[in-house]
Every structure is written in structure tokens, then in C-alpha cells.
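Novice: One structure, pasted below without further comment.
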Amino acid sequence: MADGPLLHSRKRRSQISIIAEVLEVAERGAYKTRIMYKTSLSHLLVNHYLSLLLNRNLLEAFKASEKTTYKTTEKGQRYLRGYREIMNLLKEEKINNPREANLLHLIECGTRVVIAR
């Protein structure tokens with residue numbers, strides 16, 4: 001997948017959205033460098049997320065000669081489908097209920113929301 005719909009914003013991202021971006025880049029297989037550049041993650045962070053996703057079976061690694069290719073697993077595909085569905089629901093809610101737009105934007109960005117009562 002070239003530049004998918006998840007790779008659009010470089011503002012402060014939540015761990016959930018970073019995971020989705022990594023999985024999207026690796027859908028058809030990708031080297032670590034491609035994942036790093038497409039997700040705008042540092043070497044340290046890309047290593048952290050690759051390790052996390054491999055340990056949770058959301059990604060698989062294939063070693064060919066000296067290069068490792070990372071590919072999204074079926075479990076990772078399910079994560080992506082769920083993530084995309086939630087993001088679409090949030091976008092629909094913004095359109096249908098403009099008063100909630102700011103709160104939904106905070107949720108999309110992974111910002112902790114505390115509502116005072």
C-alpha cells in the first residue's frame with residue numbers, strides 16, 4: 001500500500017495510532033527503514049514498536065540474507081480493520097454532531113480527556 005489513509009497527520013500521535021500506521025506500512029511487507037520513514041519514527045522508537053508488535057503477533061519477520069522484512073499478520077489485519085472502523089465512526093460523529101468535534105479530536109489524538117462534573 002503506498003501512502004494509506006492513516007499516514008496523514010504528524011501531530012502528536014497516540015500509541016494506538018502509531019501501531020496502526022506501522023501495521024499499514026507493513027501490510028505488503030516492508031524493511032525497517034521504510035517503516036521508519038513512512039511513520040516518522042526514530043530508530044529507537046521503530047525498534048520499540050517492532051518488538052511490541054512482534055511479541056503480540058501483530059507483525060511477523062522474515063529474514064532474507066541480511067535484511068529483515070516485516071509483514072502484518074492476520075491478527076494485525078484485524079487490528080487495522082477495527083482501528084479504521086472506529087476512526088470512521090468518529091469522523092461520522094463529527095459530521096453529525098459538530099458540538100462534539102473538539103472532544104472527538106482529543107480522542108483521535110490519544111489525548112487524555114477528563115470531564116469535570
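Ligands are numbered from 1 in the order shown, residues from 1 within each chain, and chains are lettered A, B, ... in the order they appear in the C-alpha cells.
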Do a neighbour search on range 20-34 of chain A at 6 Å with only C-alpha atoms, toss out local chain neighbours closer than 5 positions, and write the hits as a list in words.
Specialist: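 Counting only C-alpha atoms, the residues come to Leu6, Thr69, Tyr70, Lys71, Thr72 and Leu80 of chain A.
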Novice: Now that the selection is made, can you save its residues with C-alpha atoms as a PDB file, in the first residue's frame?
Specialist:
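Output below, filename result08.pdb:
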ATOM      1  CA  LEU A   6      -3.635   6.531   8.219  1.00  0.00           C
ATOM      2  CA  THR A  69      11.106  -7.921   6.098  1.00  0.00           C
ATOM      3  CA  TYR A  70       8.195  -7.171   8.431  1.00  0.00           C
ATOM      4  CA  LYS A  71       4.685  -8.145   7.387  1.00  0.00           C
ATOM      5  CA  THR A  72       1.339  -7.566   9.080  1.00  0.00           C
ATOM      6  CA  LEU A  80      -6.292  -2.381  11.409  1.00  0.00           C
TER       7      LEU A  80
END
Novice: At what distance in Å, to one decimal, does CA of Tyr37 in chain A lie from CA of Tyr79 in chain A?
Specialist: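 Separation between CA of Tyr79 in chain A and CA of Tyr37 in chain A: 21.7 Å.
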Novice: Please report the interatomic distance between CA of Leu90 in chain A and CA of Arg13 in chain A in Å with one decimal.
Specialist: 15.9 Å
Novice: Using only C-alpha atoms for the distances, tell me which of A:Ile35, A:Met87, A:Val46, A:Leu41 is nearest to Arg12 in chain A.
Specialist: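 Using only C-alpha atoms, the shortest distance to Arg12 in chain A belongs to A:Leu41.
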Novice: Looking at A:His48, A:Arg81, A:His43, A:Lys75, which one is nearest to Gln15 in chain A, with distances taken over only C-alpha atoms?
Specialist: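 Result for the nearest residue to Gln15 in chain A: A:His48.
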